[in-house]
$ cat start16.txt   # compact mmCIF, C-alpha atoms and all ligand atoms
# COMPACT_ATOMS: atom_id res chain seq x y z
CA MET A 1 -28.37 -14.12 52.64
CA ASN A 2 -31.39 -14.52 54.86
CA PRO A 3 -34.46 -14.31 52.60
CA GLN A 4 -36.53 -12.90 55.51
CA LEU A 5 -34.22 -9.94 55.80
CA PRO A 6 -32.63 -9.25 52.45
CA LEU A 7 -29.81 -6.85 53.29
CA PHE A 8 -28.37 -7.04 49.82
CA PRO A 9 -30.10 -7.37 46.45
CA GLU A 10 -29.14 -10.29 44.27
CA SER A 11 -26.12 -9.76 42.10
CA ALA A 12 -27.05 -10.44 38.48
CA SER A 13 -25.11 -8.13 36.21
CA LYS A 14 -21.56 -7.87 35.02
CA LEU A 15 -20.94 -4.68 36.96
CA SER A 16 -22.65 -5.58 40.22
CA PRO A 17 -19.59 -7.30 41.77
CA GLN A 18 -17.55 -4.16 41.06
CA VAL A 19 -20.15 -1.90 42.64
CA ASP A 20 -20.46 -4.25 45.61
CA ALA A 21 -16.70 -4.41 46.17
CA LEU A 22 -16.55 -0.62 46.25
CA PHE A 23 -19.57 -0.38 48.54
CA ILE A 24 -18.35 -3.02 50.98
CA THR A 25 -14.82 -1.60 51.13
CA TRP A 26 -16.15 1.89 51.80
CA SER A 27 -18.46 0.55 54.49
CA VAL A 28 -15.64 -1.35 56.22
CA VAL A 29 -13.28 1.63 56.09
CA SER A 30 -16.01 3.95 57.45
CA LEU A 31 -16.90 1.48 60.18
CA PHE A 32 -13.25 1.12 61.18
CA PHE A 33 -12.78 4.88 61.60
CA THR A 34 -16.15 5.31 63.33
CA LEU A 35 -15.20 2.71 65.92
CA LEU A 36 -11.64 4.03 66.25
CA ILE A 37 -12.86 7.58 66.90
CA ALA A 38 -15.65 6.47 69.26
CA CYS A 39 -13.20 4.35 71.31
CA LEU A 40 -10.64 7.15 71.47
CA ILE A 41 -13.29 9.59 72.68
CA LEU A 42 -14.27 7.19 75.47
CA TYR A 43 -10.66 6.52 76.37
CA PHE A 44 -9.74 10.24 76.48
CA MET A 45 -12.82 11.03 78.54
CA VAL A 46 -11.58 8.74 81.24
CA ARG A 47 -7.84 9.37 80.88
CA TYR A 48 -8.04 13.16 80.90
CA ARG A 49 -10.99 13.64 83.21
CA ARG A 50 -10.91 16.43 85.74
CA ARG A 51 -9.71 14.94 89.00
CA SER A 52 -10.32 17.81 91.41
CA PRO A 53 -12.60 20.90 91.21
CA ASP A 54 -9.69 23.37 91.03
CA GLU A 55 -7.65 21.51 88.41
CA VAL A 56 -6.69 23.63 85.39
CA GLY A 57 -6.24 22.11 81.94
CA GLN A 58 -2.79 22.14 80.30
CA GLU A 59 -1.89 22.51 76.67
CA GLU A 60 -0.50 19.40 74.99
CA LYS A 61 1.77 19.78 71.97
CA PRO A 62 1.24 16.74 69.75
CA ALA A 63 4.30 15.36 67.97
CA ILE A 64 4.73 16.58 64.41
CA TRP A 65 4.80 13.03 63.01
CA LEU A 66 1.37 12.45 64.56
CA GLU A 67 -0.03 15.58 62.89
CA ILE A 68 1.34 14.48 59.53
CA ALA A 69 0.15 10.91 59.93
CA TRP A 70 -3.47 11.79 60.67
CA SER A 71 -3.58 14.13 57.68
CA VAL A 72 -1.72 12.07 55.10
CA ILE A 73 -3.24 8.65 55.85
CA PRO A 74 -6.91 9.75 55.49
CA LEU A 75 -5.98 11.80 52.41
CA GLY A 76 -4.39 8.74 50.83
CA ILE A 77 -7.41 6.59 51.65
CA ALA A 78 -9.85 9.20 50.28
CA LEU A 79 -7.88 9.63 47.05
CA PHE A 80 -7.61 5.88 46.58
CA MET A 81 -11.38 5.48 47.01
CA PHE A 82 -11.98 8.42 44.68
CA GLY A 83 -9.84 6.85 41.95
CA TRP A 84 -11.51 3.49 42.37
CA GLY A 85 -15.01 5.02 42.39
CA THR A 86 -14.24 6.99 39.24
CA ARG A 87 -13.15 3.84 37.43
CA VAL A 88 -16.38 2.06 38.34
CA PHE A 89 -18.41 5.17 37.42
CA PHE A 90 -16.90 5.28 33.94
CA ARG A 91 -17.54 1.59 33.43
CA ILE A 92 -21.20 2.08 34.39
CA TYR A 93 -21.73 5.00 32.03
CA ARG A 94 -19.70 3.84 29.02
CA PRO A 95 -21.48 1.09 27.17
CA PRO A 96 -19.22 -1.43 25.43
CA ALA A 97 -19.06 -1.27 21.64
CA ASP A 98 -21.04 -4.47 21.16
CA ALA A 99 -24.00 -3.30 23.28
CA VAL A 100 -27.41 -3.58 21.61
CA GLN A 101 -29.72 -0.56 21.68
CA TYR A 102 -33.05 -0.84 23.51
CA TYR A 103 -35.47 1.97 24.30
CA ALA A 104 -37.50 2.94 27.35
CA VAL A 105 -40.13 5.63 27.79
CA GLY A 106 -41.36 6.45 31.29
CA LYS A 107 -44.89 7.67 31.76
CA GLN A 108 -47.17 8.19 34.77
CA TRP A 109 -47.19 5.34 35.75
CA MET A 110 -45.59 2.75 33.59
CA TRP A 111 -42.43 1.78 31.76
CA LYS A 112 -42.72 1.25 28.02
CA PHE A 113 -39.92 -0.67 26.33
CA GLN A 114 -39.03 -1.34 22.76
CA HIS A 115 -36.61 -3.97 21.53
CA PRO A 116 -34.32 -3.27 18.55
CA ASP A 117 -36.44 -5.60 16.40
CA GLY A 118 -39.57 -3.61 17.22
CA GLN A 119 -41.11 -5.80 19.93
CA ARG A 120 -42.80 -3.73 22.63
CA GLU A 121 -43.51 -4.39 26.29
CA ILE A 122 -44.96 -2.55 29.25
CA ASN A 123 -43.49 -2.87 32.76
CA GLY A 124 -41.39 -5.80 31.64
CA LEU A 125 -38.14 -6.08 29.79
CA HIS A 126 -36.88 -9.38 28.44
CA ILE A 127 -33.20 -9.53 27.62
CA PRO A 128 -30.79 -12.31 26.65
CA VAL A 129 -28.20 -13.32 29.22
CA GLY A 130 -24.61 -12.25 28.51
CA GLN A 131 -25.61 -9.59 25.99
CA PRO A 132 -24.65 -6.01 26.86
CA ILE A 133 -27.75 -3.84 26.55
CA ARG A 134 -27.74 -0.09 26.22
CA LEU A 135 -31.01 1.46 27.17
CA LYS A 136 -31.96 4.87 25.86
CA LEU A 137 -34.39 6.54 28.24
CA THR A 138 -36.80 9.41 28.04
CA SER A 139 -40.09 10.41 29.64
CA GLU A 140 -43.46 11.53 28.35
CA ASP A 141 -44.32 13.63 31.38
CA VAL A 142 -42.24 14.01 34.54
CA ILE A 143 -38.90 12.71 35.78
CA HIS A 144 -38.82 8.99 36.44
CA SER A 145 -35.86 6.84 37.31
CA PHE A 146 -35.06 3.39 35.96
CA TYR A 147 -33.74 1.30 38.82
CA VAL A 148 -32.82 -2.38 38.82
CA PRO A 149 -31.15 -3.18 42.14
CA ALA A 150 -29.92 -6.61 41.02
CA PHE A 151 -28.00 -4.90 38.20
CA ARG A 152 -26.82 -2.01 40.42
CA VAL A 153 -28.04 0.51 37.85
CA LYS A 154 -30.17 3.59 38.27
CA GLN A 155 -30.72 6.24 35.65
CA ASP A 156 -33.18 9.11 35.45
CA ALA A 157 -35.64 9.30 32.56
CA LEU A 158 -36.11 12.98 31.81
CA PRO A 159 -38.85 14.64 29.76
CA GLY A 160 -37.45 16.27 26.63
CA ARG A 161 -34.03 14.70 26.95
CA TYR A 162 -32.29 11.39 26.39
CA THR A 163 -30.26 9.54 28.94
CA GLU A 164 -28.61 6.17 28.69
CA ILE A 165 -27.54 3.30 30.87
CA TRP A 166 -26.10 -0.08 30.05
CA PHE A 167 -26.11 -3.46 31.75
CA GLN A 168 -25.36 -7.07 31.06
CA GLY A 169 -27.37 -9.79 32.74
CA THR A 170 -25.18 -12.60 34.02
CA LYS A 171 -27.73 -15.12 35.18
CA PRO A 172 -31.23 -15.97 33.98
CA GLY A 173 -34.02 -14.91 36.28
CA THR A 174 -36.60 -12.25 37.00
CA TYR A 175 -35.45 -9.09 38.71
CA HIS A 176 -37.30 -6.14 40.22
CA LEU A 177 -37.61 -2.93 38.26
CA PHE A 178 -38.50 0.19 40.22
CA CYS A 179 -39.13 3.83 39.52
CA ALA A 180 -36.71 5.57 41.86
CA GLU A 181 -37.91 9.15 41.46
CA TYR A 182 -41.06 10.35 43.16
CA CYS A 183 -43.32 11.01 40.17
CA GLY A 184 -46.85 11.35 41.49
CA GLY A 185 -49.64 9.47 43.21
CA GLU A 186 -48.82 6.02 41.91
CA HIS A 187 -45.05 6.28 41.92
CA SER A 188 -44.75 3.33 44.26
CA ARG A 189 -46.74 1.20 41.84
CA MET A 190 -44.57 2.08 38.85
CA ILE A 191 -42.82 -1.23 39.10
CA GLY A 192 -42.04 -4.08 36.77
CA SER A 193 -39.48 -6.73 36.09
CA VAL A 194 -36.47 -7.41 33.96
CA VAL A 195 -36.39 -10.99 32.74
CA VAL A 196 -32.97 -12.33 31.82
CA MET A 197 -33.28 -15.32 29.50
CA GLU A 198 -31.03 -17.82 27.76
CA PRO A 199 -30.46 -16.52 24.21
CA ARG A 200 -32.49 -19.38 22.73
CA ASP A 201 -35.42 -18.72 25.09
CA TYR A 202 -35.19 -15.06 24.23
CA GLU A 203 -35.45 -15.84 20.52
CA THR A 204 -38.48 -18.02 21.20
CA TRP A 205 -40.01 -15.28 23.32
CA LEU A 206 -39.42 -12.69 20.58
CA ALA A 207 -40.90 -14.98 17.93
CA GLY A 208 -44.00 -15.40 20.09
CA GLY A 209 -44.83 -11.71 19.93
CA PRO A 210 -46.59 -9.95 17.09
CA ALA A 211 -44.30 -9.64 14.08
CA GLY A 212 -43.14 -6.06 14.23
CA LYS A 213 -40.81 -3.87 12.29
CA SER A 214 -37.43 -2.96 13.64
CA VAL A 215 -37.17 0.40 15.34
CA VAL A 216 -35.17 1.77 12.41
CA ALA A 217 -37.69 0.44 9.86
CA SER A 218 -40.57 2.01 11.81
CA GLY A 219 -38.63 5.27 11.77
CA ALA A 220 -38.11 5.00 8.00
CA GLU A 221 -41.82 4.38 7.49
CA LEU A 222 -42.74 7.32 9.68
CA PHE A 223 -40.23 9.48 7.82
CA ASN A 224 -42.13 8.75 4.60
CA GLN A 225 -45.58 9.07 6.20
CA LEU A 226 -44.76 12.52 7.52
CA ALA A 227 -43.35 13.40 4.08
CA CYS A 228 -39.98 14.36 5.56
CA GLN A 229 -38.30 13.22 2.34
CA THR A 230 -39.96 16.02 0.33
CA CYS A 231 -37.49 18.44 1.85
CA HIS A 232 -34.72 16.29 3.25
CA ARG A 233 -33.83 14.57 0.00
CA ALA A 234 -32.64 16.37 -3.10
CA ALA A 235 -34.91 16.21 -6.14
CA PRO A 236 -33.05 15.68 -9.44
CA ASN A 237 -33.14 19.29 -10.62
CA ARG A 238 -33.46 21.47 -7.55
CA PRO A 239 -31.48 21.86 -4.37
CA PRO A 240 -33.01 20.31 -1.24
CA ARG A 241 -35.15 22.60 0.89
CA GLY A 242 -33.91 21.00 4.07
CA PRO A 243 -30.49 19.70 5.11
CA ASN A 244 -29.43 16.30 3.90
CA LEU A 245 -29.66 13.79 6.71
CA GLU A 246 -27.18 11.30 5.27
CA GLY A 247 -24.13 11.06 7.47
CA LEU A 248 -25.51 13.86 9.65
CA PHE A 249 -25.69 12.07 12.97
CA GLY A 250 -22.71 12.47 15.25
CA ASN A 251 -21.15 15.18 13.09
CA GLN A 252 -20.79 18.92 13.50
CA VAL A 253 -23.47 21.15 12.02
CA LYS A 254 -23.03 24.84 11.26
CA LEU A 255 -26.05 26.87 12.30
CA ALA A 256 -27.41 30.07 10.80
CA SER A 257 -26.33 31.79 14.02
CA GLY A 258 -22.74 30.85 13.22
CA ASP A 259 -22.52 28.35 16.08
CA MET A 260 -21.40 24.79 15.62
CA ILE A 261 -23.36 21.98 17.19
CA THR A 262 -23.00 18.22 17.32
CA ALA A 263 -25.96 16.42 15.78
CA ASP A 264 -26.95 14.16 18.66
CA GLU A 265 -30.26 12.72 19.82
CA ASP A 266 -31.29 15.89 21.63
CA TYR A 267 -30.53 18.04 18.59
CA VAL A 268 -32.53 15.82 16.22
CA ARG A 269 -35.40 15.71 18.69
CA GLU A 270 -35.45 19.49 19.06
CA SER A 271 -35.28 19.97 15.30
CA ILE A 272 -38.39 17.81 14.86
CA LEU A 273 -40.41 19.46 17.62
CA ASN A 274 -39.09 23.01 17.37
CA PRO A 275 -37.44 23.37 13.95
CA ALA A 276 -36.86 27.10 14.28
CA ALA A 277 -34.69 26.70 17.40
CA LYS A 278 -31.50 25.75 15.55
CA VAL A 279 -31.65 26.48 11.83
CA VAL A 280 -28.82 25.04 9.76
CA ALA A 281 -26.73 27.64 7.92
CA GLY A 282 -27.88 28.15 4.35
CA TYR A 283 -31.51 27.08 4.88
CA THR A 284 -34.65 29.07 5.51
CA PRO A 285 -36.74 28.08 8.53
CA ILE A 286 -39.70 26.70 6.58
CA MET A 287 -40.10 23.43 8.45
CA PRO A 288 -43.36 23.11 10.41
CA THR A 289 -43.28 21.76 13.95
CA TYR A 290 -44.22 18.17 14.62
CA GLN A 291 -45.05 18.88 18.25
CA GLY A 292 -48.11 16.90 19.19
CA GLN A 293 -47.98 14.81 16.02
CA VAL A 294 -45.33 12.34 17.08
CA SER A 295 -45.15 10.47 20.36
CA GLU A 296 -41.95 9.99 22.36
CA GLU A 297 -41.71 6.47 20.98
CA GLN A 298 -42.07 7.70 17.42
CA LEU A 299 -39.41 10.33 18.07
CA LEU A 300 -37.07 7.55 19.17
CA GLN A 301 -37.89 5.67 15.96
CA LEU A 302 -37.22 8.73 13.80
CA ILE A 303 -33.95 9.37 15.62
CA SER A 304 -32.89 5.74 15.14
CA TYR A 305 -33.64 6.11 11.45
CA VAL A 306 -31.60 9.32 11.19
CA LYS A 307 -28.80 7.53 13.04
CA SER A 308 -28.98 4.62 10.63
CA LEU A 309 -28.38 7.08 7.75
CA SER A 310 -24.96 7.63 9.29
CA GLY A 311 -24.33 3.94 9.66
CA GLU A 312 -24.96 4.16 13.40
CA GLY A 313 -27.21 1.99 15.48
CA GLY A 314 -26.50 -0.99 13.27
CA THR A 315 -28.06 -3.19 15.88
CA GLU A 316 -31.38 -3.78 14.21
CA ALA A 317 -32.30 -7.40 13.97
CA GLY A 318 -35.07 -9.41 12.45
CA GLY A 319 -37.30 -8.77 9.47
CA GLY A 320 -36.93 -5.02 9.43
CA ALA A 321 -33.25 -4.92 8.69
CA PRO A 322 -33.25 -5.53 4.91
CA ASN A 323 -35.99 -2.94 4.51
CA THR A 324 -33.83 -0.44 6.37
CA ALA A 325 -30.78 -1.08 4.25
CA GLU A 326 -32.91 -0.62 1.15
CA THR A 327 -34.39 2.66 2.34
CA ALA A 328 -31.03 4.02 3.39
CA GLY A 329 -29.45 2.86 0.16
CA ALA A 330 -32.14 4.48 -1.97
CA ALA A 331 -31.76 7.73 -0.09
CA GLY A 332 -28.04 7.53 -0.63
CA THR A 333 -28.19 7.30 -4.39
CA GLU A 334 -30.80 10.04 -4.64
CA THR A 335 -28.88 12.60 -2.66
CA LYS A 336 -25.55 12.17 -4.34
CA PRO A 337 -24.92 14.95 -6.87
CU1 LIG A 401 -42.12 7.14 37.88
CU2 LIG A 401 -41.72 7.35 40.19
$ encode --input "start16.txt" --output "structure tokens"
Amino acid sequence: MNPQLPLFPESASKLSPQVDALFITWSVVSLFFTLLIACLILYFMVRYRRRSPDEVGQEEKPAIWLEIAWSVIPLGIALFMFGWGTRVFFRIYRPPADAVQYYAVGKQWMWKFQHPDGQREINGLHIPVGQPIRLKLTSEDVIHSFYVPAFRVKQDALPGRYTEIWFQGTKPGTYHLFCAEYCGGEHSRMIGSVVVMEPRDYETWLAGGPAGKSVVASGAELFNQLACQTCHRAAPNRPPRGPNLEGLFGNQVKLASGDMITADEDYVRESILNPAAKVVAGYTPIMPTYQGQVSEEQLLQLISYVKSLSGEGGTEAGGGAPNTAETAGAAGTETKP
């Protein structure tokens, strides 16, 4: 590709060839029909032109096979493209089981990332080549959009909600990261890069950063700091004042209103910031709000910790992991009757 006029971004993720194949096929099919129709219009203009001022047009009955053909063929093509597009869509939005969890928080005007082992970066994301990465996104203020053309991925980062995207770098290099949602005065400068590294280089890079705690371990620490365990863990001789969080994540919860809800990221987040919104059946709404006391990044850490209590998000690496297991284990023995 001509570097002066880059028509196509580099292809550097596992899914980009699939997206490209779909895109190119659609473009060729569209171009074919555009040209076909344009040529037919020109041809008919000449062929059926009015030859004298008093000529009157005559009705033409097209053959039935022609009517059927020009309905069925485009329908078949459209359905085929729909099926193909759906397959690619599902692949883009369903992370593989071995994907490692990373976190991103958008903010006017920067991208803040956190690695599973706790390492943080701003406007840059280093990832190992060949490793599927699932990126959980949220925003501190307005809607942003995480866009890496070389990976063919784009996902909105929404305030107050969690979204996710996954990708797998296939060749080492540095790739553009854009914000693809107009988010204010410096939207166009909300840019960065994704650096895909050989696994060994990635390890070296991680080791070079300040020794941090894993996301789950930070969440566990915060859980204790905020004294969440006073209510969310049973004391020996009294029932817990708040619901037990062991094994909560991903399961159904019965609310005081009688509704059932799945305990997902958004539910845990809401319960921290607005505890009275969805009170669990059998408990009184005594929990204070933590609005304004925890940042979006800390919320992600708390959620990761709550997930780890259900054996989810077992992707933590590095020094924090043993600590996590210990914390979770201790909580486990305490809460069992
Ligand atoms: Cu953030 Cu545009």
$ closest_atom_pairs --input "start16.txt" --of "chain A" --to "ligand LIG 401 (chain A)" --cutoff "6 Å" --atoms "all atoms listed in the file" --output "JSON lines"
{"residue": "A:Trp109", "atom": "CA", "partner": "A:LIG401", "partner_atom": "CU1", "distance": 5.8}
{"residue": "A:His144", "atom": "CA", "partner": "A:LIG401", "partner_atom": "CU1", "distance": 4.0}
{"residue": "A:Cys179", "atom": "CA", "partner": "A:LIG401", "partner_atom": "CU2", "distance": 4.4}
{"residue": "A:Ala180", "atom": "CA", "partner": "A:LIG401", "partner_atom": "CU2", "distance": 5.6}
{"residue": "A:Glu181", "atom": "CA", "partner": "A:LIG401", "partner_atom": "CU2", "distance": 4.4}
{"residue": "A:Tyr182", "atom": "CA", "partner": "A:LIG401", "partner_atom": "CU2", "distance": 4.3}
{"residue": "A:Cys183", "atom": "CA", "partner": "A:LIG401", "partner_atom": "CU2", "distance": 4.0}
{"residue": "A:His187", "atom": "CA", "partner": "A:LIG401", "partner_atom": "CU2", "distance": 3.9}
{"residue": "A:Met190", "atom": "CA", "partner": "A:LIG401", "partner_atom": "CU1", "distance": 5.7}
$ write_last_selection --input "start16.txt" --atoms "C-alpha atoms" --output "compact mmCIF listing (two decimals), in the frame of the given file"
# COMPACT_ATOMS: atom_id res chain seq x y z
CA TRP A 109 -47.19 5.34 35.75
CA HIS A 144 -38.82 8.99 36.44
CA CYS A 179 -39.13 3.83 39.52
CA ALA A 180 -36.71 5.57 41.86
CA GLU A 181 -37.91 9.15 41.46
CA TYR A 182 -41.06 10.35 43.16
CA CYS A 183 -43.32 11.01 40.17
CA HIS A 187 -45.05 6.28 41.92
CA MET A 190 -44.57 2.08 38.85
$ atom_distance --input "start16.txt" --atom1 "atom CA of A:Arg91" --atom2 "atom CA of A:Pro199"
24.1 Å
$ residues_near_point --input "start16.txt" --point "(-42.0, 21.7, 11.4)" --cutoff "10 Å" --atoms "all atoms listed in the file" --output "MDAnalysis selection string"
chainID A and resid 228 271:276 285:291
$ residues_near_point --input "start16.txt" --point "(-44.5, 6.5, 8.3)" --cutoff "12 Å" --atoms "only C-alpha atoms" --output "list in words"
Lys213, Val215, Val216, Ala217, Ser218, Gly219, Ala220, Glu221, Leu222, Phe223, Asn224, Gln225, Leu226, Ala227, Cys228, Gln229, Gln293, Val294, Gln298, Leu299, Gln301, Leu302 and Tyr305 of chain A
$ atom_distance --input "start16.txt" --atom1 "atom CA of A:Pro96" --atom2 "atom CA of A:Met110"
27.9 Å
$ closest_residue --input "start16.txt" --among "A:Val19, A:Ala12, A:Ile64, A:Leu248" --to "A:Val148" --atoms "only C-alpha atoms"
A:Ala12
$ closest_residue --input "start16.txt" --among "A:Val195, A:Gln155, A:Trp70, A:Asp54" --to "A:Glu121" --atoms "all atoms listed in the file"
A:Val195
$ closest_residue --input "start16.txt" --among "A:Ala263, A:Leu79, A:Leu125, A:Ala256" --to "A:Gly192" --atoms "all atoms listed in the file"
A:Leu125
$ atom_distance --input "start16.txt" --atom1 "atom CA of A:Arg200" --atom2 "atom CA of A:Pro9"
26.7 Å
$ closest_residue --input "start16.txt" --among "A:Gly118, A:Phe178, A:Pro132, A:Glu296" --to "A:Tyr147" --atoms "all atoms listed in the file"
A:Phe178
$ closest_residue --input "start16.txt" --among "A:Gly169, A:Gly83, A:Asp141, A:Leu135" --to "A:Lys154" --atoms "only C-alpha atoms"
A:Leu135
$ closest_residue --input "start16.txt" --among "A:Thr174, A:Ser188, A:Gln101, A:Gln131" --to "A:Lys307" --atoms "only C-alpha atoms"
A:Gln101
$ decode --input "start16.txt" --residues "stretch 237-262 of chain A" --atoms "N, CA and C atoms" --output "PDB file, in the first residue's frame"
ATOM      1  N   ASN A 237     -21.378 -14.821  65.653  1.00  0.00           N
ATOM      2  CA  ASN A 237     -22.649 -15.068  66.333  1.00  0.00           C
ATOM      3  C   ASN A 237     -23.777 -14.103  65.958  1.00  0.00           C
ATOM      4  N   ARG A 238     -23.680 -13.531  64.762  1.00  0.00           N
ATOM      5  CA  ARG A 238     -24.845 -12.767  64.302  1.00  0.00           C
ATOM      6  C   ARG A 238     -24.936 -12.860  62.780  1.00  0.00           C
ATOM      7  N   PRO A 239     -26.145 -12.757  62.272  1.00  0.00           N
ATOM      8  CA  PRO A 239     -26.267 -12.855  60.816  1.00  0.00           C
ATOM      9  C   PRO A 239     -25.648 -11.620  60.155  1.00  0.00           C
ATOM     10  N   PRO A 240     -25.180 -11.754  58.925  1.00  0.00           N
ATOM     11  CA  PRO A 240     -24.580 -10.600  58.256  1.00  0.00           C
ATOM     12  C   PRO A 240     -25.620  -9.519  57.987  1.00  0.00           C
ATOM     13  N   ARG A 241     -25.167  -8.267  58.063  1.00  0.00           N
ATOM     14  CA  ARG A 241     -26.097  -7.157  57.797  1.00  0.00           C
ATOM     15  C   ARG A 241     -26.273  -6.922  56.306  1.00  0.00           C
ATOM     16  N   GLY A 242     -25.303  -7.369  55.542  1.00  0.00           N
ATOM     17  CA  GLY A 242     -25.406  -7.223  54.087  1.00  0.00           C
ATOM     18  C   GLY A 242     -25.279  -8.593  53.445  1.00  0.00           C
ATOM     19  N   PRO A 243     -25.682  -8.701  52.181  1.00  0.00           N
ATOM     20  CA  PRO A 243     -25.601  -9.995  51.494  1.00  0.00           C
ATOM     21  C   PRO A 243     -24.160 -10.498  51.399  1.00  0.00           C
ATOM     22  N   ASN A 244     -24.045 -11.793  51.462  1.00  0.00           N
ATOM     23  CA  ASN A 244     -22.745 -12.437  51.287  1.00  0.00           C
ATOM     24  C   ASN A 244     -22.321 -12.301  49.821  1.00  0.00           C
ATOM     25  N   LEU A 245     -21.086 -11.922  49.620  1.00  0.00           N
ATOM     26  CA  LEU A 245     -20.632 -11.696  48.242  1.00  0.00           C
ATOM     27  C   LEU A 245     -19.946 -12.908  47.629  1.00  0.00           C
ATOM     28  N   GLU A 246     -19.736 -13.940  48.428  1.00  0.00           N
ATOM     29  CA  GLU A 246     -19.128 -15.173  47.915  1.00  0.00           C
ATOM     30  C   GLU A 246     -20.030 -15.803  46.866  1.00  0.00           C
ATOM     31  N   GLY A 247     -19.476 -16.097  45.738  1.00  0.00           N
ATOM     32  CA  GLY A 247     -20.271 -16.794  44.719  1.00  0.00           C
ATOM     33  C   GLY A 247     -21.437 -15.979  44.186  1.00  0.00           C
ATOM     34  N   LEU A 248     -21.428 -14.673  44.477  1.00  0.00           N
ATOM     35  CA  LEU A 248     -22.547 -13.822  44.039  1.00  0.00           C
ATOM     36  C   LEU A 248     -22.490 -13.544  42.541  1.00  0.00           C
ATOM     37  N   PHE A 249     -21.283 -13.216  42.076  1.00  0.00           N
ATOM     38  CA  PHE A 249     -21.159 -12.679  40.717  1.00  0.00           C
ATOM     39  C   PHE A 249     -21.616 -13.682  39.666  1.00  0.00           C
ATOM     40  N   GLY A 250     -22.422 -13.180  38.744  1.00  0.00           N
ATOM     41  CA  GLY A 250     -22.883 -14.025  37.640  1.00  0.00           C
ATOM     42  C   GLY A 250     -24.126 -14.819  37.980  1.00  0.00           C
ATOM     43  N   ASN A 251     -24.567 -14.766  39.245  1.00  0.00           N
ATOM     44  CA  ASN A 251     -25.742 -15.527  39.633  1.00  0.00           C
ATOM     45  C   ASN A 251     -26.967 -14.623  39.774  1.00  0.00           C
ATOM     46  N   GLN A 252     -28.115 -15.269  39.926  1.00  0.00           N
ATOM     47  CA  GLN A 252     -29.373 -14.546  40.089  1.00  0.00           C
ATOM     48  C   GLN A 252     -29.524 -14.079  41.537  1.00  0.00           C
ATOM     49  N   VAL A 253     -30.052 -12.873  41.680  1.00  0.00           N
ATOM     50  CA  VAL A 253     -30.269 -12.311  43.010  1.00  0.00           C
ATOM     51  C   VAL A 253     -31.754 -11.960  43.117  1.00  0.00           C
ATOM     52  N   LYS A 254     -32.347 -12.305  44.259  1.00  0.00           N
ATOM     53  CA  LYS A 254     -33.756 -11.945  44.458  1.00  0.00           C
ATOM     54  C   LYS A 254     -33.791 -10.616  45.202  1.00  0.00           C
ATOM     55  N   LEU A 255     -34.523  -9.672  44.646  1.00  0.00           N
ATOM     56  CA  LEU A 255     -34.588  -8.343  45.240  1.00  0.00           C
ATOM     57  C   LEU A 255     -35.817  -8.213  46.143  1.00  0.00           C
ATOM     58  N   ALA A 256     -35.766  -7.196  47.003  1.00  0.00           N
ATOM     59  CA  ALA A 256     -36.879  -6.946  47.914  1.00  0.00           C
ATOM     60  C   ALA A 256     -38.170  -6.689  47.127  1.00  0.00           C
ATOM     61  N   SER A 257     -38.028  -6.157  45.918  1.00  0.00           N
ATOM     62  CA  SER A 257     -39.194  -5.881  45.081  1.00  0.00           C
ATOM     63  C   SER A 257     -39.797  -7.154  44.508  1.00  0.00           C
ATOM     64  N   GLY A 258     -39.113  -8.265  44.699  1.00  0.00           N
ATOM     65  CA  GLY A 258     -39.597  -9.533  44.147  1.00  0.00           C
ATOM     66  C   GLY A 258     -38.978  -9.880  42.812  1.00  0.00           C
ATOM     67  N   ASP A 259     -38.296  -8.896  42.187  1.00  0.00           N
ATOM     68  CA  ASP A 259     -37.665  -9.146  40.892  1.00  0.00           C
ATOM     69  C   ASP A 259     -36.399  -9.973  41.058  1.00  0.00           C
ATOM     70  N   MET A 260     -36.043 -10.644  39.980  1.00  0.00           N
ATOM     71  CA  MET A 260     -34.763 -11.347  39.953  1.00  0.00           C
ATOM     72  C   MET A 260     -33.827 -10.532  39.063  1.00  0.00           C
ATOM     73  N   ILE A 261     -32.550 -10.534  39.430  1.00  0.00           N
ATOM     74  CA  ILE A 261     -31.593  -9.800  38.612  1.00  0.00           C
ATOM     75  C   ILE A 261     -30.295 -10.593  38.587  1.00  0.00           C
ATOM     76  N   THR A 262     -29.570 -10.482  37.457  1.00  0.00           N
ATOM     77  CA  THR A 262     -28.275 -11.148  37.390  1.00  0.00           C
ATOM     78  C   THR A 262     -27.218 -10.206  37.949  1.00  0.00           C
TER      79      THR A 262
END
